[in-house]
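Novice: So I've got this file, upload-v8.tsv, and it contains TSV, C-alpha atoms:
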```
chain	number	residue	atom	x	y	z
A	30	MET	CA	8.35	53.22	16.34
A	31	ILE	CA	10.82	51.47	18.65
A	32	LEU	CA	8.67	48.33	18.52
A	33	PHE	CA	8.61	48.50	14.73
A	34	HIS	CA	12.40	48.76	14.57
A	35	LEU	CA	12.74	45.80	16.95
A	36	VAL	CA	10.43	43.60	14.87
A	37	VAL	CA	12.30	44.43	11.64
A	38	PHE	CA	15.64	43.90	13.38
A	39	LEU	CA	14.68	40.45	14.67
A	40	PHE	CA	13.22	39.49	11.31
A	41	LEU	CA	16.40	40.43	9.42
A	42	ASN	CA	18.57	38.75	12.04
A	43	LYS	CA	16.58	35.54	11.62
A	44	ILE	CA	17.08	35.61	7.86
A	45	ILE	CA	20.81	36.31	8.07
A	46	SER	CA	21.48	33.68	10.74
A	47	GLY	CA	19.80	31.09	8.51
A	48	ILE	CA	17.06	30.18	10.98
A	49	THR	CA	14.18	28.51	9.14
A	50	SER	CA	11.80	27.40	11.91
A	51	PRO	CA	8.35	29.03	11.67
A	52	ILE	CA	8.04	28.92	15.47
A	53	THR	CA	9.12	31.92	17.53
A	54	PRO	CA	11.57	31.01	20.33
A	55	ARG	CA	10.11	31.13	23.83
A	56	ILE	CA	12.68	33.63	25.15
A	57	ILE	CA	15.56	35.75	23.87
A	58	TYR	CA	18.70	33.60	23.76
A	59	LYS	CA	22.37	34.53	23.67
A	60	HIS	CA	23.10	32.22	20.74
A	61	SER	CA	21.35	30.62	17.78
A	62	LEU	CA	22.48	28.26	15.05
A	63	GLN	CA	20.99	26.53	12.06
A	64	LEU	CA	21.95	22.87	12.43
A	65	LYS	CA	20.57	21.92	9.01
A	66	THR	CA	18.73	24.04	6.44
A	67	ASN	CA	14.94	23.67	6.67
A	68	VAL	CA	15.42	20.82	9.15
A	69	ALA	CA	16.85	21.82	12.53
A	70	ASP	CA	17.53	25.05	14.43
A	71	LEU	CA	19.01	25.51	17.90
A	72	TRP	CA	19.03	28.33	20.43
A	73	TRP	CA	20.83	28.33	23.78
A	74	THR	CA	21.85	30.46	26.75
A	75	THR	CA	24.39	29.56	29.42
A	76	ASN	CA	24.31	30.65	33.05
A	77	GLU	CA	27.74	30.48	34.66
A	78	VAL	CA	26.30	31.37	38.06
A	79	GLU	CA	23.73	28.57	38.14
A	80	LYS	CA	26.08	26.33	36.11
A	81	GLU	CA	23.33	25.40	33.68
A	82	ILE	CA	22.35	25.74	30.04
A	83	ILE	CA	18.94	26.30	28.47
A	84	PHE	CA	18.38	24.92	24.97
A	85	GLU	CA	15.53	25.32	22.54
A	86	LEU	CA	15.50	22.81	19.69
A	87	HIS	CA	13.21	23.15	16.67
A	88	ILE	CA	13.04	20.32	14.13
A	89	ASN	CA	10.89	19.91	11.03
A	90	THR	CA	8.94	16.88	12.21
A	91	THR	CA	5.88	15.98	14.26
A	92	GLY	CA	7.70	13.00	15.74
A	93	TRP	CA	10.34	12.80	18.47
A	94	ILE	CA	13.40	15.07	18.56
A	95	ALA	CA	16.70	14.66	20.39
A	96	LEU	CA	19.77	16.67	21.31
A	97	GLY	CA	22.83	15.22	22.99
A	98	ILE	CA	26.38	15.72	24.18
A	99	SER	CA	28.84	13.14	22.89
A	100	PRO	CA	32.40	12.34	24.00
A	101	ALA	CA	33.63	11.89	20.42
A	102	GLY	CA	30.80	13.10	18.18
A	103	GLY	CA	29.02	9.77	17.70
A	104	MET	CA	26.37	7.76	19.50
A	105	ASN	CA	28.74	5.72	21.66
A	106	GLY	CA	28.68	7.18	25.17
A	107	ALA	CA	26.33	10.02	24.23
A	108	ASP	CA	24.04	11.69	26.77
A	109	LEU	CA	20.75	12.79	25.22
A	110	GLY	CA	17.53	14.61	25.93
A	111	VAL	CA	14.70	13.10	23.86
A	112	GLY	CA	11.24	14.62	23.63
A	113	TRP	CA	7.98	14.88	21.72
A	114	ILE	CA	4.57	16.54	21.86
A	115	ASP	CA	1.59	14.20	21.97
A	116	GLN	CA	-1.77	14.75	20.25
A	117	SER	CA	-3.10	16.47	23.37
A	118	GLY	CA	-0.25	18.98	23.36
A	119	ASN	CA	1.56	17.44	26.34
A	120	ILE	CA	5.36	17.38	26.48
A	121	HIS	CA	7.19	14.10	27.01
A	122	PHE	CA	10.91	14.35	27.73
A	123	GLN	CA	13.46	11.70	28.63
A	124	ASP	CA	17.07	11.51	29.76
A	125	ARG	CA	18.78	8.79	27.70
A	126	TYR	CA	22.25	7.30	27.33
A	127	ALA	CA	23.78	5.46	24.36
A	128	PHE	CA	26.16	2.59	25.08
A	129	ASP	CA	26.74	2.02	21.36
A	130	THR	CA	25.25	2.79	17.95
A	131	VAL	CA	21.87	1.47	19.05
A	132	ILE	CA	18.71	3.11	20.41
A	133	PRO	CA	19.79	4.91	23.61
A	134	ILE	CA	18.36	3.57	26.85
A	135	LEU	CA	16.58	5.52	29.57
A	136	ASP	CA	19.02	6.86	32.16
A	137	ASN	CA	18.48	4.56	35.15
A	138	THR	CA	20.46	6.72	37.60
A	139	THR	CA	19.03	10.25	37.70
A	140	SER	CA	17.03	12.30	35.19
A	141	ASP	CA	19.02	15.44	34.45
A	142	TRP	CA	17.42	16.87	31.30
A	143	PHE	CA	14.34	18.94	32.17
A	144	ALA	CA	11.66	20.07	29.70
A	145	LEU	CA	10.39	23.61	30.21
A	146	GLN	CA	7.99	24.35	27.34
A	147	GLY	CA	7.10	22.94	23.95
A	148	CYS	CA	4.70	22.93	21.03
A	149	GLU	CA	4.00	21.66	17.52
A	150	GLN	CA	3.24	24.14	14.77
A	151	ASN	CA	3.24	24.02	10.96
A	152	GLY	CA	4.80	20.57	10.95
A	153	TRP	CA	7.64	21.54	13.32
A	154	THR	CA	8.29	20.44	16.90
A	155	ALA	CA	9.86	22.90	19.35
A	156	ILE	CA	10.97	22.02	22.88
A	157	GLN	CA	12.76	24.19	25.43
A	158	PHE	CA	14.79	22.29	28.03
A	159	LYS	CA	17.72	22.65	30.41
A	160	ARG	CA	20.43	20.74	32.24
A	161	LEU	CA	23.43	21.42	34.46
A	162	PHE	CA	26.92	21.69	33.00
A	163	ASP	CA	28.07	18.84	35.23
A	164	THR	CA	25.44	16.56	36.75
A	165	CYS	CA	27.90	14.20	38.50
A	166	ASP	CA	25.97	11.34	36.88
A	167	ILE	CA	28.00	8.51	35.35
A	168	MET	CA	25.43	8.30	32.53
A	169	ASP	CA	25.77	11.98	31.63
A	170	VAL	CA	28.44	13.86	29.66
A	171	SER	CA	29.68	17.15	31.12
A	172	ILE	CA	29.34	20.37	29.13
A	173	LYS	CA	32.91	21.63	29.18
A	174	SER	CA	34.23	25.18	28.98
A	175	GLY	CA	36.00	24.26	25.72
A	176	THR	CA	34.55	22.57	22.65
A	177	ASN	CA	31.69	20.09	22.95
A	178	ASN	CA	30.43	17.50	20.49
A	179	LEU	CA	26.75	18.13	19.89
A	180	ILE	CA	24.54	15.55	18.18
A	181	TYR	CA	20.90	15.68	17.14
A	182	ALA	CA	18.38	13.29	15.62
A	183	TYR	CA	14.65	12.94	15.05
A	184	GLY	CA	11.91	10.51	14.15
A	185	LEU	CA	8.84	10.88	11.97
A	186	ILE	CA	6.27	9.73	14.54
A	187	ASP	CA	5.73	9.97	18.28
A	188	PRO	CA	6.89	6.90	20.21
A	189	ASP	CA	4.38	4.20	21.03
A	190	THR	CA	6.47	2.07	23.36
A	191	ASP	CA	9.95	3.32	22.42
A	192	ILE	CA	11.59	5.73	19.99
A	193	THR	CA	12.20	4.42	16.49
A	194	TYR	CA	15.55	4.27	14.70
A	195	HIS	CA	16.41	7.66	13.19
A	196	GLU	CA	18.09	6.22	10.06
A	197	THR	CA	19.75	9.17	8.24
A	198	ARG	CA	17.82	11.81	10.21
A	199	ARG	CA	20.73	12.89	12.37
A	200	GLY	CA	23.68	15.26	12.49
A	201	SER	CA	26.50	16.59	14.63
A	202	ARG	CA	28.37	19.83	15.31
A	203	THR	CA	31.41	20.74	17.38
A	204	LEU	CA	30.73	23.91	19.37
A	205	SER	CA	32.05	25.90	22.30
A	206	LEU	CA	28.66	26.02	23.97
A	207	ARG	CA	29.84	28.02	26.99
A	208	SER	CA	31.96	30.50	25.02
A	209	TYR	CA	30.37	30.56	21.58
A	210	ASN	CA	31.31	33.64	19.57
A	211	ASP	CA	28.41	34.91	17.52
A	212	PRO	CA	29.41	37.23	14.68
A	213	PRO	CA	28.93	40.88	15.74
A	214	LEU	CA	25.35	41.73	14.86
A	215	GLU	CA	26.37	44.97	13.13
A	216	SER	CA	28.69	43.09	10.76
A	217	LYS	CA	25.80	40.97	9.53
A	218	PHE	CA	24.15	44.06	8.05
A	219	THR	CA	27.16	45.82	6.50
A	220	GLN	CA	26.56	44.36	3.02
A	221	LEU	CA	22.80	44.94	3.02
A	222	ASP	CA	20.90	47.69	1.26
A	223	TYR	CA	18.57	49.54	3.54
A	224	PHE	CA	15.60	51.85	3.43
A	225	ASP	CA	13.91	54.26	5.81
A	226	VAL	CA	10.25	53.95	6.66
A	227	ARG	CA	8.74	57.30	7.55
A	228	LEU	CA	5.25	57.69	8.94
A	229	ASN	CA	3.74	61.15	8.55
A	230	ASN	CA	0.70	62.56	10.32
A	231	VAL	CA	0.75	59.82	12.92
A	232	ILE	CA	-1.39	60.42	15.98
A	233	TYR	CA	-0.06	58.87	19.18
A	234	VAL	CA	-2.61	58.04	21.87
```
Can you turn what I pasted into structure tokens?
Specialist:
Amino acid sequence: MILFHLVVFLFLNKIISGITSPITPRIIYKHSLQLKTNVADLWWTTNEVEKEIIFELHINTTGWIALGISPAGGMNGADLGVGWIDQSGNIHFQDRYAFDTVIPILDNTTSDWFALQGCEQNGWTAIQFKRLFDTCDIMDVSIKSGTNNLIYAYGLIDPDTDITYHETRRGSRTLSLRSYNDPPLESKFTQLDYFDVRLNNVIYV
């Protein structure tokens, strides 16, 4: 019964939070956000002890996907993690830096975005990855304790030699990643009708 309640609870929470990805997140995260309806969803958890953040990005494409931290909300000076799943199911993930509004180059100092897990399912790509808040790399942007400018983009195909231009397939959000305030979960359900499911004559073994 407890398991049943948990499944229903997570299902309703997914609907209310606007998450549209058909892929179940790899772990339970502290925060989740729909970046764009039926296009992009993001989960993340911060660890103030290890000074790192774990992201999970789901985008409605079978091409490459990218998430980045930007000084001003645009491409110029942005630090990005770019990844894709190849036809064999292998994850490819790159640390990139954008000097201008052009295709970001590979970080030639240190690689500080690390892929953990990933998959493609039902036309969506999902990749879990992490990085430190502050990498001390001149080609990285620190994740501050205040607001951060988050950008995302995606392509329609996996890279052959390099990622393709994203055209209009991009977006941005300004978030306090390290102190994000999710609405209280109870408040999400206050306006919902509800029903009880009762199981009689159940035999537990």
Novice: Provide the CA of Gln123 (chain A) to CA of Thr203 (chain A) distance in Å, to one decimal place.
Specialist: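 Value for the CA of Gln123 (chain A)-CA of Thr203 (chain A) distance: 23.0 Å.
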Novice: How close does each residue of region 117-140 of chain A get to region 169-184 of chain A, giving the shortest atom pair and distance in Å to one decimal for every residue with an atom at most 9 Å away, counting all atoms listed in the file, sorted by chain and residue number, as a tab-separated table?
Specialist:
```
residue	atom	partner	partner_atom	distance
A:Asp124	CA	A:Asp169	CA	8.9
A:Arg125	CA	A:Asp169	CA	8.6
A:Tyr126	CA	A:Asp169	CA	7.3
A:Asp136	CA	A:Asp169	CA	8.5
```
Novice: For the residues selected in the previous step, produce a file with C-alpha atoms as an mmCIF file, in the coordinates of the input.
Specialist:
```cif
data_model
loop_
_atom_site.group_PDB
_atom_site.id
_atom_site.type_symbol
_atom_site.label_atom_id
_atom_site.label_comp_id
_atom_site.auth_asym_id
_atom_site.auth_seq_id
_atom_site.Cartn_x
_atom_site.Cartn_y
_atom_site.Cartn_z
ATOM 1 C CA ASP A 124 17.070 11.510 29.760
ATOM 2 C CA ARG A 125 18.780 8.790 27.700
ATOM 3 C CA TYR A 126 22.250 7.300 27.330
ATOM 4 C CA ASP A 136 19.020 6.860 32.160
#
```
Novice: Compute the distance from (10.9, 15.4, 31.9) to each atom, counting all atoms listed in the file, keep the residues with any atom at most 12 Å away, and return them as a ChimeraX atom specification; use the coordinates of the file.
Specialist: /A:110-114,119-125,135-136,139-147,156-160
Novice: Distance CA of Pro51 (chain A)-CA of Pro188 (chain A), one decimal place?
Specialist: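 Straight-line distance from CA of Pro51 (chain A) to CA of Pro188 (chain A) works out to 23.8 Å.
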Novice: Quick one: of A:Met168, A:Leu62, A:Leu109, A:Leu161, who's nearest to Thr138 (chain A), counting only C-alpha atoms?
Specialist: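 Nearest to Thr138 (chain A): A:Met168.
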Novice: Which residue, A:Leu64, A:Ile83, A:Cys165, A:Ile88, has the smallest gap to Asn151 (chain A) when you use all atoms listed in the file?
Specialist: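 The shortest atom-to-atom distance to Asn151 (chain A) comes from A:Ile88.
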Novice: Using only C-alpha atoms - which residues lie no farther than 8 Å from the point (14.2, 23.7, 15.1) in the file's frame? Write them as a list in words.
Specialist: Thr49, Ser50, Gln63, Val68, Ala69, Asp70, Leu71, Glu85, Leu86, His87, Ile88, Asn89, Trp153, Thr154 and Ala155 of chain A
Novice: If we count only C-alpha atoms, what is near Asp129 (chain A) at a cut-off of 12 Å, once residues fewer than 2 positions away on the same chain are taken out, given as a PyMOL selection string?
Specialist: chain A and resi 99+103-108+126-127+131-134
Novice: Point out the residue among A:Arg199, A:Lys59, A:Trp72, A:Phe128 with the least atom-to-atom distance to Pro100 (chain A), counting all atoms listed in the file.
Specialist: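 Nearest to Pro100 (chain A): A:Phe128.
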Novice: Enter the distance from CA of Ser208 (chain A) to CA of Ser61 (chain A), in Å, rounded to one decimal.
Specialist: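 These atoms are spaced 12.8 Å apart.
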Novice: Restricting the calculation to all atoms listed in the file: of A:Pro54, A:Gly102, A:Phe162, A:Gly97, which residue gets closest to Val78 (chain A)?
Specialist: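 Closest to Val78 (chain A), using all atoms listed in the file: A:Phe162.
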